[in-house]
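So this block is target.cif, mmCIF, C-alpha atoms:
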```
data_work
loop_
_atom_site.group_PDB
_atom_site.id
_atom_site.type_symbol
_atom_site.label_atom_id
_atom_site.label_comp_id
_atom_site.auth_asym_id
_atom_site.auth_seq_id
_atom_site.Cartn_x
_atom_site.Cartn_y
_atom_site.Cartn_z
ATOM 1 C CA MET Q 1 -43.164 -85.898 -14.851
ATOM 2 C CA ARG Q 2 -42.723 -87.421 -11.398
ATOM 3 C CA VAL Q 3 -39.350 -85.716 -10.858
ATOM 4 C CA ILE Q 4 -40.760 -82.262 -11.521
ATOM 5 C CA LEU Q 5 -43.706 -82.925 -9.221
ATOM 6 C CA SER Q 6 -41.447 -83.973 -6.328
ATOM 7 C CA ILE Q 7 -39.370 -80.788 -6.706
ATOM 8 C CA ILE Q 8 -42.498 -78.653 -6.521
ATOM 9 C CA ILE Q 9 -43.674 -80.519 -3.388
ATOM 10 C CA HIS Q 10 -40.217 -80.091 -1.806
ATOM 11 C CA GLN Q 11 -40.283 -76.321 -2.431
ATOM 12 C CA THR Q 12 -43.734 -76.080 -0.914
ATOM 13 C CA ASN Q 13 -42.572 -77.856 2.274
ATOM 14 C CA LYS Q 14 -39.568 -75.535 2.476
ATOM 15 C CA GLU Q 15 -41.862 -72.502 2.206
ATOM 16 C CA LYS Q 16 -44.081 -73.953 4.954
ATOM 17 C CA ASN Q 17 -41.039 -74.384 7.227
ATOM 18 C CA THR Q 18 -39.941 -70.813 6.505
ATOM 19 C CA MET Q 19 -43.379 -69.518 7.452
ATOM 20 C CA LYS Q 20 -43.306 -71.591 10.663
ATOM 21 C CA ASN Q 21 -39.968 -69.992 11.555
ATOM 22 C CA VAL Q 22 -41.320 -66.508 10.827
ATOM 23 C CA LYS Q 23 -44.369 -67.285 12.975
ATOM 24 C CA LYS Q 24 -42.127 -68.457 15.851
ATOM 25 C CA LEU Q 25 -39.985 -65.322 15.599
ATOM 26 C CA LEU Q 26 -43.044 -63.053 15.638
ATOM 27 C CA ILE Q 27 -44.480 -64.842 18.680
ATOM 28 C CA PHE Q 28 -41.111 -64.580 20.470
ATOM 29 C CA ALA Q 29 -40.829 -60.852 19.669
ATOM 30 C CA THR Q 30 -44.385 -60.208 20.885
ATOM 31 C CA ILE Q 31 -43.881 -62.069 24.168
ATOM 32 C CA SER Q 32 -40.539 -60.317 24.727
ATOM 33 C CA THR Q 33 -42.221 -56.961 24.206
ATOM 34 C CA PHE Q 34 -44.834 -57.760 26.855
ATOM 35 C CA VAL Q 35 -42.245 -59.046 29.327
ATOM 36 C CA PHE Q 36 -39.925 -56.051 29.022
ATOM 37 C CA ALA Q 37 -42.575 -53.447 28.262
ATOM 38 C CA SER Q 38 -42.808 -51.548 31.541
ATOM 39 C CA SER Q 39 -39.496 -49.736 31.902
ATOM 40 C CA THR Q 40 -38.013 -50.331 28.455
ATOM 41 C CA ARG Q 41 -41.018 -48.848 26.705
ATOM 42 C CA THR Q 42 -41.246 -45.742 28.875
ATOM 43 C CA ASN Q 43 -37.470 -45.189 28.947
ATOM 44 C CA ALA Q 44 -37.362 -45.312 25.152
ATOM 45 C CA LEU Q 45 -40.062 -42.634 25.062
ATOM 46 C CA GLY Q 46 -38.395 -40.143 27.414
ATOM 47 C CA GLY Q 47 -38.951 -41.699 30.818
ATOM 48 C CA ALA Q 48 -41.844 -42.707 33.012
ATOM 49 C CA GLY Q 49 -42.581 -39.134 34.124
ATOM 50 C CA PHE Q 50 -44.057 -38.320 30.716
ATOM 51 C CA TRP Q 51 -46.690 -41.079 30.910
ATOM 52 C CA GLU Q 52 -49.048 -40.223 33.761
ATOM 53 C CA ASP Q 53 -51.439 -43.133 33.143
ATOM 54 C CA ASP Q 54 -48.644 -45.714 33.133
ATOM 55 C CA TYR Q 55 -47.778 -47.672 36.261
ATOM 56 C CA ALA Q 56 -44.064 -47.234 35.493
ATOM 57 C CA ASN Q 57 -44.134 -43.690 36.907
ATOM 58 C CA ILE Q 58 -45.048 -44.792 40.459
ATOM 59 C CA GLY Q 59 -41.370 -44.369 41.394
ATOM 60 C CA SER Q 60 -41.428 -40.656 40.504
ATOM 61 C CA PHE Q 61 -45.032 -39.920 41.497
ATOM 62 C CA PRO Q 62 -45.992 -42.212 44.418
ATOM 63 C CA ALA Q 63 -49.665 -41.111 44.325
ATOM 64 C CA SER Q 64 -49.888 -42.822 40.906
ATOM 65 C CA VAL Q 65 -50.245 -46.071 42.852
ATOM 66 C CA ASN Q 66 -53.919 -45.190 43.429
ATOM 67 C CA GLY Q 67 -56.353 -47.215 41.352
ATOM 68 C CA GLN Q 68 -53.696 -49.579 39.972
ATOM 69 C CA ASN Q 69 -54.239 -53.327 39.776
ATOM 70 C CA VAL Q 70 -51.069 -54.718 38.242
ATOM 71 C CA ALA Q 71 -48.367 -57.300 38.781
ATOM 72 C CA TRP Q 72 -45.086 -57.612 36.920
ATOM 73 C CA THR Q 73 -41.648 -59.142 37.059
ATOM 74 C CA ASN Q 74 -38.426 -58.821 35.119
ATOM 75 C CA GLY Q 75 -37.292 -62.299 36.099
ATOM 76 C CA SER Q 76 -35.252 -61.343 39.158
ATOM 77 C CA ASN Q 77 -37.839 -59.378 41.147
ATOM 78 C CA PHE Q 78 -41.582 -58.871 41.414
ATOM 79 C CA THR Q 79 -44.100 -56.129 42.068
ATOM 80 C CA THR Q 80 -47.796 -56.492 42.766
ATOM 81 C CA ILE Q 81 -50.246 -53.643 43.359
ATOM 82 C CA PHE Q 82 -53.930 -54.065 44.119
ATOM 83 C CA ASP Q 83 -56.886 -51.936 45.193
ATOM 84 C CA LYS Q 84 -59.147 -53.055 48.048
ATOM 85 C CA ASP Q 85 -62.137 -50.911 49.056
ATOM 86 C CA GLY Q 86 -60.534 -47.679 47.865
ATOM 87 C CA THR Q 87 -57.159 -48.302 49.510
ATOM 88 C CA THR Q 88 -54.275 -49.369 47.308
ATOM 89 C CA TRP Q 89 -51.572 -51.700 48.583
ATOM 90 C CA GLY Q 90 -48.470 -52.913 46.837
ATOM 91 C CA PHE Q 91 -45.487 -55.087 47.603
ATOM 92 C CA ALA Q 92 -42.214 -55.655 45.799
ATOM 93 C CA GLY Q 93 -39.093 -57.722 46.313
ATOM 94 C CA GLY Q 94 -36.249 -59.514 44.672
ATOM 95 C CA ASN Q 95 -33.081 -58.342 46.411
ATOM 96 C CA ALA Q 96 -31.667 -60.692 49.065
ATOM 97 C CA ASN Q 97 -31.265 -57.728 51.438
ATOM 98 C CA ASP Q 98 -34.870 -56.481 51.146
ATOM 99 C CA VAL Q 99 -36.845 -56.387 54.387
ATOM 100 C CA VAL Q 100 -39.890 -54.595 53.013
ATOM 101 C CA ASN Q 101 -40.882 -52.695 49.874
ATOM 102 C CA MET Q 102 -44.423 -51.452 50.282
ATOM 103 C CA TYR Q 103 -46.742 -49.075 48.418
ATOM 104 C CA TRP Q 104 -49.864 -47.430 49.828
ATOM 105 C CA GLY Q 105 -52.525 -45.096 48.486
ATOM 106 C CA ASN Q 106 -55.833 -43.791 49.823
ATOM 107 C CA GLY Q 107 -57.255 -42.473 46.555
ATOM 108 C CA THR Q 108 -55.626 -39.040 46.865
ATOM 109 C CA TYR Q 109 -52.256 -39.479 48.553
ATOM 110 C CA GLY Q 110 -49.715 -42.195 47.914
ATOM 111 C CA GLY Q 111 -46.500 -43.353 49.462
ATOM 112 C CA ASN Q 112 -43.857 -46.017 49.362
ATOM 113 C CA LEU Q 113 -41.333 -47.336 51.844
ATOM 114 C CA GLY Q 114 -38.360 -49.555 51.214
ATOM 115 C CA LEU Q 115 -36.100 -51.015 53.890
ATOM 116 C CA ALA Q 116 -33.027 -53.124 53.179
ATOM 117 C CA MET Q 117 -30.451 -54.417 55.631
ATOM 118 C CA VAL Q 118 -27.045 -55.233 54.177
ATOM 119 C CA PRO Q 119 -25.043 -57.513 56.491
ATOM 120 C CA GLU Q 120 -21.417 -56.943 57.396
ATOM 121 C CA SER Q 121 -19.142 -58.914 55.080
ATOM 122 C CA SER Q 122 -17.751 -62.134 56.559
ATOM 123 C CA ASP Q 123 -14.132 -61.041 56.011
ATOM 124 C CA GLY Q 124 -14.735 -57.735 57.829
ATOM 125 C CA ALA Q 125 -13.944 -55.649 54.734
ATOM 126 C CA GLY Q 126 -17.428 -54.156 54.478
ATOM 127 C CA ASP Q 127 -19.662 -52.718 57.161
ATOM 128 C CA GLY Q 128 -23.304 -53.606 57.491
ATOM 129 C CA ALA Q 129 -25.794 -50.935 56.499
ATOM 130 C CA THR Q 130 -29.467 -50.125 56.726
ATOM 131 C CA GLN Q 131 -30.892 -48.539 53.597
ATOM 132 C CA ILE Q 132 -34.173 -46.648 53.583
ATOM 133 C CA ASN Q 133 -36.070 -45.395 50.550
ATOM 134 C CA ALA Q 134 -39.274 -43.431 50.959
ATOM 135 C CA GLY Q 135 -41.621 -41.495 48.733
ATOM 136 C CA PHE Q 136 -44.766 -39.409 49.000
ATOM 137 C CA GLY Q 137 -47.057 -38.056 46.314
ATOM 138 C CA MET Q 138 -50.238 -36.039 46.050
ATOM 139 C CA PRO Q 139 -52.159 -33.699 43.751
ATOM 140 C CA LEU Q 140 -50.687 -30.193 43.996
ATOM 141 C CA ALA Q 141 -51.325 -26.955 42.072
ATOM 142 C CA GLY Q 142 -53.402 -28.660 39.403
ATOM 143 C CA GLY Q 143 -50.873 -31.410 38.784
ATOM 144 C CA ASP Q 144 -49.041 -34.368 40.289
ATOM 145 C CA PHE Q 145 -46.335 -33.923 42.923
ATOM 146 C CA GLY Q 146 -43.803 -36.540 43.936
ATOM 147 C CA PHE Q 147 -41.000 -36.550 46.506
ATOM 148 C CA THR Q 148 -38.583 -39.456 46.944
ATOM 149 C CA TYR Q 149 -35.656 -39.944 49.296
ATOM 150 C CA ALA Q 150 -32.979 -42.629 49.239
ATOM 151 C CA SER Q 151 -30.437 -43.473 51.929
ATOM 152 C CA GLY Q 152 -27.284 -41.503 51.557
ATOM 153 C CA GLY Q 153 -29.181 -38.299 50.881
ATOM 154 C CA ASP Q 154 -30.434 -38.666 47.286
ATOM 155 C CA ILE Q 155 -33.576 -36.538 46.902
ATOM 156 C CA HIS Q 156 -35.866 -36.264 43.868
ATOM 157 C CA ILE Q 157 -38.739 -33.782 43.553
ATOM 158 C CA ASN Q 158 -41.098 -33.943 40.561
ATOM 159 C CA HIS Q 159 -44.119 -31.906 39.515
ATOM 160 C CA ARG Q 160 -46.177 -32.599 36.398
ATOM 161 C CA ARG Q 161 -49.165 -30.596 35.214
ATOM 162 C CA ALA Q 162 -51.127 -29.440 32.204
ATOM 163 C CA GLN Q 163 -49.536 -26.172 31.096
ATOM 164 C CA ASP Q 164 -49.931 -24.544 27.689
ATOM 165 C CA VAL Q 165 -46.498 -23.326 26.639
ATOM 166 C CA TRP Q 166 -46.062 -22.443 22.973
ATOM 167 C CA LEU Q 167 -46.463 -25.791 21.116
ATOM 168 C CA TRP Q 168 -46.841 -28.033 24.161
ATOM 169 C CA ASP Q 169 -49.674 -28.720 26.562
ATOM 170 C CA SER Q 170 -47.879 -30.388 29.493
ATOM 171 C CA MET Q 171 -44.898 -29.613 31.695
ATOM 172 C CA LEU Q 172 -42.673 -31.780 33.901
ATOM 173 C CA ILE Q 173 -40.351 -30.072 36.389
ATOM 174 C CA ASN Q 174 -37.810 -32.010 38.416
ATOM 175 C CA VAL Q 175 -35.098 -31.255 40.945
ATOM 176 C CA ASP Q 176 -32.561 -33.962 41.758
ATOM 177 C CA MET Q 177 -29.961 -33.800 44.517
ATOM 178 C CA ARG Q 178 -27.300 -36.461 44.887
ATOM 179 C CA ALA Q 179 -25.223 -36.591 48.052
ATOM 180 C CA GLU Q 180 -21.453 -36.885 48.076
ATOM 181 C CA ASP Q 181 -20.059 -40.358 48.796
ATOM 182 C CA THR Q 182 -16.310 -40.348 49.421
ATOM 183 C CA GLU Q 183 -16.291 -43.884 50.847
ATOM 184 C CA ALA Q 184 -17.513 -45.570 47.661
ATOM 185 C CA ALA Q 185 -15.108 -47.617 45.540
ATOM 186 C CA THR Q 186 -15.440 -44.850 42.962
ATOM 187 C CA PRO Q 187 -16.038 -41.602 44.905
ATOM 188 C CA VAL Q 188 -19.199 -39.738 43.916
ATOM 189 C CA GLU Q 189 -19.356 -35.954 43.997
ATOM 190 C CA ALA Q 190 -22.430 -34.102 45.210
ATOM 191 C CA GLU Q 191 -24.635 -32.967 42.362
ATOM 192 C CA MET Q 192 -27.805 -30.965 41.932
ATOM 193 C CA SER Q 193 -29.844 -30.723 38.741
ATOM 194 C CA PHE Q 194 -32.976 -28.877 37.688
ATOM 195 C CA GLY Q 195 -35.038 -29.724 34.634
ATOM 196 C CA VAL Q 196 -38.080 -28.285 32.882
ATOM 197 C CA HIS Q 197 -39.600 -30.470 30.163
ATOM 198 C CA CYS Q 198 -42.438 -29.292 27.933
ATOM 199 C CA TYR Q 199 -44.238 -31.963 25.927
ATOM 200 C CA SER Q 200 -47.525 -32.917 24.299
#
```

The structure given in the file should be rewritten as structure tokens.
Amino acid sequence: MRVILSIIIHQTNKEKNTMKNVKKLLIFATISTFVFASSTRTNALGGAGFWEDDYANIGSFPASVNGQNVAWTNGSNFTTIFDKDGTTWGFAGGNANDVVNMYWGNGTYGGNLGLAMVPESSDGAGDGATQINAGFGMPLAGGDFGFTYASGGDIHINHRRAQDVWLWDSMLINVDMRAEDTEAATPVEAEMSFGVHCYS
């Protein structure tokens, strides 16, 4: 009788350990989801431009910075955005060459400015460079408008608005222009793209 009882107790402890492991895995998966939620979540669902209430679309629509109070990191950089008396301010960093990455909003308009200074390489193989990224956004024609520029000539223009088209109730239009870069390790050709996305 004692042998059978000890086997039953042993199985019960094994089941408890299995449940502890399942609990640990679920907690790990939940925390990982929160940590990587910002860009991974929106990218998996079509991109940040489709989620107007999400802070992840501030890069495409700089006026989306208005009214945000968030802070996040992916482990190698940080971003913090806060609202003070109707004016929104934000700061970001993480790259060794960053001088400033700043967001601003006044409740209607929004903008961002990034400045990085890459030093000349010590062996003289690479030149120093100043990189500027800027964006501006505002309400326009019943929707959201965003314009962003990156050093080298990359330009992105986005417009999102409510628009009933057949089965959908929203529309996202974007124009992207990439400048030619013949001095890169892998030369990049100039490219221009235009997209119209209807969604609900």

Next on the checklist: Quick one: residues within 12 Å of region 77-79 of chain Q, all atoms listed in the file, excluding same-chain residues fewer than 2 positions away - as a ChimeraX atom specification?
Outcome noted: /Q:38,55-56,58,65,68-75,81-82,89-96,98,100-103

Checklist entry - If I put a ball of radius 10 Å at (-53.1, -42.5, 34.8) in the file's coordinates, which residues poke into it when counting all atoms listed in the file, written as a ChimeraX atom specification? => result /Q:51-55,57,64-68

Next on the checklist: Show me, as a ChimeraX atom specification, the residues that have an atom within 8 Å of region 156-164 of chain Q when counting only C-alpha atoms, minus same-chain residues fewer than 4 positions from it.
Outcome noted: /Q:49,60-61,142-149,168-177

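Checking Q:Gly86, Q:Gly59, Q:Gly135, Q:Pro187 one by one against Asn112 (chain Q), counting only C-alpha atoms, you find the shortest gap at Q:Gly135.
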
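Straight-line separation from CA of Asn133 (chain Q) to CA of Met117 (chain Q): 11.8 Å.
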